[in-house]
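Data from my_file-v6.csv: CSV, C-alpha atoms
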chain,number,residue,atom,x,y,z
A,8,MET,CA,0.0,0.0,0.0
A,9,LEU,CA,1.3,3.4,-1.0
A,10,SER,CA,1.2,6.1,1.6
A,11,VAL,CA,1.1,9.7,0.5
A,12,GLN,CA,1.9,12.4,3.0
A,13,MET,CA,0.3,15.7,2.5
A,14,SER,CA,2.2,18.6,4.0
A,15,ALA,CA,0.2,21.2,5.7
A,16,PRO,CA,0.3,24.6,4.1
A,17,ALA,CA,2.9,26.8,5.8
A,18,GLN,CA,1.6,29.3,8.3
A,19,THR,CA,2.0,32.9,7.2
A,20,TYR,CA,3.4,35.1,9.9
A,21,VAL,CA,3.0,38.9,9.8
A,22,ALA,CA,4.5,41.3,12.3
A,23,VAL,CA,2.3,44.3,13.1
A,24,VAL,CA,4.4,47.1,14.7
A,25,ASP,CA,2.1,50.0,15.8
A,26,ASP,CA,2.1,52.0,19.0
A,27,ASP,CA,-1.7,52.2,18.9
A,28,GLU,CA,-3.0,49.2,20.8
A,29,SER,CA,-6.4,49.4,19.2
A,30,ALA,CA,-4.9,49.4,15.7
A,31,CYS,CA,-2.9,46.3,16.6
A,32,ARG,CA,-6.0,44.6,17.8
A,33,ALA,CA,-8.0,45.5,14.7
A,34,LEU,CA,-5.2,44.4,12.4
A,35,SER,CA,-4.8,41.2,14.3
A,36,ARG,CA,-8.5,40.3,14.0
A,37,LEU,CA,-8.4,41.1,10.3
A,38,LEU,CA,-5.4,38.9,9.7
A,39,ARG,CA,-6.6,36.0,11.8
A,40,ALA,CA,-9.9,36.0,9.9
A,41,GLU,CA,-7.9,35.4,6.8
A,42,GLY,CA,-5.8,32.6,8.3
A,43,ILE,CA,-2.7,34.7,8.8
A,44,GLN,CA,-0.9,34.6,12.1
A,45,PRO,CA,-0.2,38.1,13.4
A,46,VAL,CA,2.3,38.9,16.1
A,47,THR,CA,1.9,42.5,17.4
A,48,TYR,CA,4.5,44.8,18.9
A,49,LEU,CA,3.8,48.3,20.4
A,50,SER,CA,7.2,49.6,19.4
A,51,ALA,CA,10.1,49.0,17.0
A,52,GLU,CA,12.3,48.3,20.1
A,53,ALA,CA,9.9,45.6,21.3
A,54,PHE,CA,10.1,44.0,17.9
A,55,LEU,CA,13.9,44.1,17.9
A,56,ALA,CA,14.1,42.8,21.5
A,57,ASP,CA,11.9,39.7,20.7
A,58,SER,CA,14.5,37.0,20.5
A,59,LYS,CA,11.8,34.3,20.0
A,60,ARG,CA,10.0,36.0,17.1
A,61,PRO,CA,9.2,33.7,14.2
A,62,VAL,CA,10.5,34.3,10.7
A,63,PHE,CA,8.0,36.8,9.3
A,64,ASP,CA,6.7,36.6,5.8
A,65,CYS,CA,5.7,40.3,5.9
A,66,LEU,CA,6.0,43.3,8.3
A,67,VAL,CA,3.2,45.9,8.7
A,68,LEU,CA,4.9,49.0,10.2
A,69,ASP,CA,3.4,52.2,11.4
A,70,ILE,CA,5.7,55.0,10.2
A,71,GLN,CA,5.4,57.2,13.4
A,72,LEU,CA,6.3,55.2,16.5
A,73,GLY,CA,7.3,56.5,19.9
A,74,GLY,CA,11.0,55.6,19.6
A,75,LEU,CA,12.5,54.3,16.4
A,76,SER,CA,10.2,55.0,13.5
A,77,GLY,CA,9.0,52.4,11.1
A,78,LEU,CA,11.4,53.7,8.5
A,79,GLU,CA,14.3,53.5,10.9
A,80,LEU,CA,13.3,49.9,11.8
A,81,GLN,CA,13.3,48.9,8.2
A,82,ARG,CA,16.7,50.5,7.7
A,83,GLN,CA,18.1,48.5,10.6
A,84,LEU,CA,16.6,45.2,9.4
A,85,VAL,CA,17.9,45.8,5.8
A,86,ALA,CA,21.4,46.6,7.2
A,87,SER,CA,21.3,43.2,9.1
A,88,GLY,CA,20.4,41.4,5.9
A,89,SER,CA,16.7,41.1,6.1
A,90,SER,CA,14.7,41.1,2.8
A,91,THR,CA,11.3,40.6,4.5
A,92,PRO,CA,8.7,42.8,2.6
A,93,VAL,CA,7.5,45.9,4.5
A,94,ILE,CA,4.1,47.5,4.2
A,95,TYR,CA,3.7,50.9,5.8
A,96,VAL,CA,0.6,52.3,7.4
A,97,THR,CA,0.3,55.8,8.7
A,98,ALA,CA,-2.2,58.2,10.1
A,99,HIS,CA,-0.1,61.2,8.8
A,100,ASP,CA,0.3,60.8,5.1
A,101,GLU,CA,2.8,63.4,4.0
A,102,PRO,CA,4.5,63.4,0.5
A,103,GLU,CA,8.0,63.4,2.0
A,104,THR,CA,7.3,60.4,4.2
A,105,ARG,CA,5.7,58.5,1.3
A,106,GLU,CA,8.8,59.2,-0.8
A,107,GLN,CA,11.1,58.0,1.9
A,108,ALA,CA,9.0,54.8,2.3
A,109,GLU,CA,9.0,54.1,-1.4
A,110,ALA,CA,12.7,54.9,-1.7
A,111,ALA,CA,13.3,52.3,1.1
A,112,GLY,CA,11.6,49.7,-1.1
A,113,CYS,CA,8.3,49.2,0.7
A,114,ALA,CA,5.9,46.7,-0.8
A,115,ALA,CA,3.0,49.0,-0.2
A,116,TYR,CA,2.0,52.2,1.7
A,117,PHE,CA,-1.4,53.0,3.2
A,118,ARG,CA,-3.2,55.5,5.3
A,119,LYS,CA,-4.7,53.9,8.4
A,120,THR,CA,-8.1,54.7,7.0
A,121,ALA,CA,-7.6,52.4,3.9
A,122,PRO,CA,-10.0,49.5,3.5
A,123,GLY,CA,-8.8,46.3,5.2
A,124,GLN,CA,-9.2,44.3,2.0
A,125,ASP,CA,-6.6,46.6,0.3
A,126,LEU,CA,-4.1,45.9,3.0
A,127,LEU,CA,-4.8,42.1,2.9
A,128,GLN,CA,-4.3,42.1,-0.9
A,129,ALA,CA,-1.0,43.9,-0.4
A,130,ILE,CA,0.1,41.4,2.2
A,131,ARG,CA,-0.8,38.5,0.0
A,132,ARG,CA,1.1,40.0,-2.9
A,133,ALA,CA,4.2,40.7,-0.7
A,134,VAL,CA,4.1,37.2,0.8
A,135,ASN,CA,3.7,35.5,-2.6
A,136,SER,CA,6.6,37.6,-4.1
A,137,GLU,CA,8.8,36.7,-1.1
A,138,GLU,CA,7.9,33.0,-1.5
A,139,ARG,CA,8.9,33.1,-5.2
A,140,LEU,CA,12.2,34.8,-4.2
A,141,ARG,CA,12.9,32.1,-1.6
A,142,GLY,CA,12.1,29.4,-4.1
A,143,ASN,CA,14.7,30.8,-6.5
A,144,ARG,CA,17.6,30.9,-4.1

Using C-alpha cells, write down the structure from this file.
Amino acid sequence: MLSVQMSAPAQTYVAVVDDDESACRALSRLLRAEGIQPVTYLSAEAFLADSKRPVFDCLVLDIQLGGLSGLELQRQLVASGSSTPVIYVTAHDEPETREQAEAAGCAAYFRKTAPGQDLLQAIRRAVNSEERLRGNR
C-alpha cells in the first residue's frame, strides 16, 4: 500500500508594529480572519528585543512610532540582511514620508483609513513575491 503524506500549508506570519493598541488589535483580528498569524508589537524596540520571534513573511509597520520610526526599523533590518517585505501604514500621510518609504523599497503604503481588504491584498502580494524569491535561491 502506497502512503502519501500531505504537507500542511505553511503558516503565514505577519508582524504588526504599531504604538496604537487598538490598531494592533484591529489588524490582528483582520489577519486572523484570513488565516494569517499576526504577532503584534507596540514599538520597534519591542520587535527588535523579541529573541523568539518567528521568521516573518511580511511586516506591517506604522511610520510614526514612539521611539524608532517604522522607516528606521526597516533600515536596521535591511542593514542586518533582512529582505522581508514591508508594508507601511500611517495616520499622517505626507508626501516626503511617502517618498522615503517608497525609496526604502516598501511593498505598499497605506493610510490607516484604507480598507482592510486593500491591506490584505498587499500582504498576499508581498508574501507571494517573497515565497517566489525564496524558491529561486

Point to revise | Distance criterion (all atoms listed in the file): nearest to A:Gly77 out of A:Ser58, A:Gln128, A:Thr104, A:Thr91 | key: A:Thr104

Review point. Using only C-alpha atoms, what residues lie at most 12 Å away from (-5.4, 47.0, 16.2) (file coordinates), given as an MDAnalysis selection string?
Key: chainID A and resid 23:39 45:49 67 69 96 119 123

Exercise for review: Would you mind telling me which residue in A:Thr120, A:Thr19, A:Asn135, A:Gln107 lies nearest to A:Gln81 when using only C-alpha atoms?
Suggested key: A:Gln107

Check your understanding: Rounded to one decimal in Å, what is the spacing between atom CA of A:Ser89 and atom CA of A:Arg132?
Key -> 18.0 Å

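Using all atoms listed in the file for every distance, the candidate list A:Gln18, A:Asp64, A:Ala111, A:His99 yields A:Ala111 as the residue closest to A:Val85.
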
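The coordinates place atom CA of A:Gly74 at 10.2 Å from atom CA of A:Ala53.
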
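In this model, the gap between atom CA of A:Ala17 and atom CA of A:Arg82 comes to 27.5 Å.
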
Check your understanding: With all atoms listed in the file as the basis for distance, which of A:Ala121, A:Ala22, A:Cys113, A:Ala51 is at the shortest distance from A:Gln83?
Key -> A:Ala51

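Within the 8 Å cut-off around A:Glu52, using all atoms listed in the file and omitting residues fewer than 3 positions from it on the same chain, the listed residues are A:Leu55, A:Ala56, A:Gly74, A:Leu75.
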
Review point. Given the choices A:Ala133, A:Leu68, A:Ala108, A:Leu127, which gets closest to A:Pro92 if the distance is worked out from only C-alpha atoms?
Key: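 Distance minimum relative to A:Pro92 lands on A:Ala133.
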
Exercise for review: Pick out the closest residue to A:Leu126 from this set: A:Ile94, A:Val21, A:Ala40, A:Val62. Count all atoms listed in the file.
Suggested key: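 Checking each candidate against A:Leu126, we get A:Ile94 as the closest.
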